[in-house]
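Asker: Pasting in a structure now, in structure tokens, and then I'll have a few things to ask.
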Amino acid sequence: MDAFAVLADPLRRQVVELLAEGPATAGDIAARFPITRPAVSRHLRVLRESGLVESAVRGQHRVYTLRRAGLAELDDWLGRFRPLTDDAPPVGPAARLDALDTELHRGRRARRAADPTGEHRGTA
């Protein structure tokens, strides 16, 4: 099953986040959500069948653990959007702020060039 489709459900994403902190029993997981235990069990089964979590029976409890290797598909896809080197240009909000700074400097130069008297009183 596609990891993207599995993690499209907000409850499953929360379970993965919970298991990122460490193993948990099915009962502990179910206690954290305002839905029935059978509904949580179905979500856990989907996560298990997709390879994102694994379970082991310990006594009377089923303990779930995150399979970080199951997240490799997501990591590979996201990797296409990461800079490949440390000197790569910034992305996201930082890039927009850099672009804004550049445009502000261009505007200042243009105003100075357009003012032949040199009496421009704007910021330098």
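FYI, nothing fancy with the structure tokens labels: chains A, B, ... in order, residues from 1 per chain, ligands from 1 as they appear.
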Tell me, which residues of segment 8-119 of chain A carry DSSP alpha helix (DSSP H), written as a ChimeraX atom specification?

Answerer: /A:10-20,26-31,37-50,72-79,93-114

Asker: Residues near Ala8 of chain A, anyone? I mean within 12 Å using only C-alpha atoms, not counting same-chain ones fewer than 5 positions away, as a ChimeraX atom specification.

Answerer: /A:2-3,13-14,16,43,46-47

Asker: Determine, counting only C-alpha atoms, which protein, DNA and RNA residues have an atom within 12 Å of an atom of Gly27 of chain A; residues of the same chain fewer than 3 positions away are not included. Present the result as a VMD selection string.

Answerer: chain A and resid 23 to 24 30 to 33 36 to 38 40 to 41 44 60 to 64

Asker: Calculate how many Å separate atom CA of Leu19 of chain A from atom CA of Gly59 of chain A, rounding to one decimal.

Answerer: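 Between these atoms lies a distance of 19.8 Å.
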
Asker: So how far away is atom CA of Pro83 of chain A from atom CA of Gly51 of chain A, in Å?

Answerer: 28.1 Å

Asker: Give the strand (DSSP E or B) residues of chain A, as assigned by DSSP on the backbone, as an MDAnalysis selection string.

Answerer: chainID A and resid 24:25 53:58 61:66

Asker: What does the file look like for those residues with N, CA, C and O atoms, as a PDB file, in the first residue's frame?

Answerer:
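Final file, selection17.pdb:
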```pdb
ATOM      1  N   ALA A  24       4.708   1.281  21.710  1.00  0.00           N
ATOM      2  CA  ALA A  24       3.519   1.459  22.546  1.00  0.00           C
ATOM      3  C   ALA A  24       2.579   0.284  22.323  1.00  0.00           C
ATOM      4  O   ALA A  24       2.531  -0.285  21.239  1.00  0.00           O
ATOM      5  N   THR A  25       1.852  -0.061  23.366  1.00  0.00           N
ATOM      6  CA  THR A  25       0.871  -1.140  23.229  1.00  0.00           C
ATOM      7  C   THR A  25      -0.357  -0.620  22.505  1.00  0.00           C
ATOM      8  O   THR A  25      -0.616   0.592  22.467  1.00  0.00           O
ATOM      9  N   VAL A  53       4.590   0.248  10.382  1.00  0.00           N
ATOM     10  CA  VAL A  53       4.771  -0.191  11.766  1.00  0.00           C
ATOM     11  C   VAL A  53       4.845  -1.708  11.783  1.00  0.00           C
ATOM     12  O   VAL A  53       4.441  -2.370  10.829  1.00  0.00           O
ATOM     13  N   GLU A  54       5.381  -2.228  12.864  1.00  0.00           N
ATOM     14  CA  GLU A  54       5.370  -3.670  13.070  1.00  0.00           C
ATOM     15  C   GLU A  54       4.853  -3.932  14.467  1.00  0.00           C
ATOM     16  O   GLU A  54       4.885  -3.051  15.328  1.00  0.00           O
ATOM     17  N   SER A  55       4.352  -5.134  14.669  1.00  0.00           N
ATOM     18  CA  SER A  55       3.804  -5.465  15.981  1.00  0.00           C
ATOM     19  C   SER A  55       4.379  -6.787  16.462  1.00  0.00           C
ATOM     20  O   SER A  55       4.791  -7.629  15.674  1.00  0.00           O
ATOM     21  N   ALA A  56       4.405  -6.916  17.775  1.00  0.00           N
ATOM     22  CA  ALA A  56       4.860  -8.150  18.405  1.00  0.00           C
ATOM     23  C   ALA A  56       3.959  -8.404  19.605  1.00  0.00           C
ATOM     24  O   ALA A  56       3.545  -7.474  20.294  1.00  0.00           O
ATOM     25  N   VAL A  57       3.653  -9.670  19.826  1.00  0.00           N
ATOM     26  CA  VAL A  57       2.825 -10.038  20.968  1.00  0.00           C
ATOM     27  C   VAL A  57       3.748 -10.279  22.144  1.00  0.00           C
ATOM     28  O   VAL A  57       4.698 -11.058  22.064  1.00  0.00           O
ATOM     29  N   ARG A  58       3.469  -9.560  23.230  1.00  0.00           N
ATOM     30  CA  ARG A  58       4.235  -9.725  24.468  1.00  0.00           C
ATOM     31  C   ARG A  58       3.234  -9.995  25.584  1.00  0.00           C
ATOM     32  O   ARG A  58       2.563  -9.088  26.054  1.00  0.00           O
ATOM     33  N   HIS A  61      -0.372  -8.477  25.511  1.00  0.00           N
ATOM     34  CA  HIS A  61      -0.374  -7.182  24.828  1.00  0.00           C
ATOM     35  C   HIS A  61       0.265  -7.275  23.449  1.00  0.00           C
ATOM     36  O   HIS A  61       1.182  -8.060  23.225  1.00  0.00           O
ATOM     37  N   ARG A  62      -0.233  -6.461  22.544  1.00  0.00           N
ATOM     38  CA  ARG A  62       0.386  -6.314  21.229  1.00  0.00           C
ATOM     39  C   ARG A  62       1.119  -4.974  21.251  1.00  0.00           C
ATOM     40  O   ARG A  62       0.519  -3.931  21.482  1.00  0.00           O
ATOM     41  N   VAL A  63       2.437  -5.027  21.034  1.00  0.00           N
ATOM     42  CA  VAL A  63       3.279  -3.829  21.080  1.00  0.00           C
ATOM     43  C   VAL A  63       3.620  -3.414  19.654  1.00  0.00           C
ATOM     44  O   VAL A  63       4.087  -4.228  18.848  1.00  0.00           O
ATOM     45  N   TYR A  64       3.387  -2.135  19.363  1.00  0.00           N
ATOM     46  CA  TYR A  64       3.647  -1.582  18.034  1.00  0.00           C
ATOM     47  C   TYR A  64       4.915  -0.746  18.061  1.00  0.00           C
ATOM     48  O   TYR A  64       5.180  -0.012  19.016  1.00  0.00           O
ATOM     49  N   THR A  65       5.689  -0.879  16.984  1.00  0.00           N
ATOM     50  CA  THR A  65       6.942  -0.152  16.821  1.00  0.00           C
ATOM     51  C   THR A  65       6.971   0.457  15.430  1.00  0.00           C
ATOM     52  O   THR A  65       6.536  -0.173  14.457  1.00  0.00           O
ATOM     53  N   LEU A  66       7.500   1.664  15.325  1.00  0.00           N
ATOM     54  CA  LEU A  66       7.642   2.324  14.029  1.00  0.00           C
ATOM     55  C   LEU A  66       8.743   1.655  13.229  1.00  0.00           C
ATOM     56  O   LEU A  66       9.821   1.374  13.754  1.00  0.00           O
TER      57      LEU A  66
END
```

Asker: For Arg45 of chain A, which of A:Arg112, A:Ala99, A:Leu74, A:Val6 is the closest residue, counting only C-alpha atoms?

Answerer: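 Smallest separation from Arg45 of chain A among the options: A:Val6.
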
Asker: Figure out the distance between atom CA of Ala20 of chain A and atom CA of Arg68 of chain A, please, to one decimal in Å.

Answerer: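 One can read the atom CA of Arg68 of chain A to atom CA of Ala20 of chain A distance as 8.5 Å.
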